[in-house]
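Q: Got a structure here, written out as structure tokens. Questions coming.
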Amino acid sequence: MAFLAYVQRFNQPIQQIAVLWTNIQNAIAGGERIFTILDEKPAVVDKPNAKEMPESEAKWNSIRFPMPTKTAFRC
């Protein structure tokens, strides 16, 4: 019985390192996928000598979203 306890105590740090290594590998793979997406060239590009879009300040005043007055559920 004591032998099994020693084996389990010896094996636990090895399992923790394996889990940590798996997490590191998953993080590296996720980072590679993100950088692959960020490095991708856009499919739509501006024509040569295209004009810049003018900047504007859109103001949204008194916008309302009416909600129904009836309850959706009855208890």
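Ordering of the structure tokens sets the chain letters (A, B, ...); residue numbers start at 1 within each chain; ligands are numbered from 1 in the order shown.
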From chain A, collect each residue whose DSSP state is alpha helix (DSSP H) and return the set as a PyMOL selection string.

A: chain A and resi 2-39
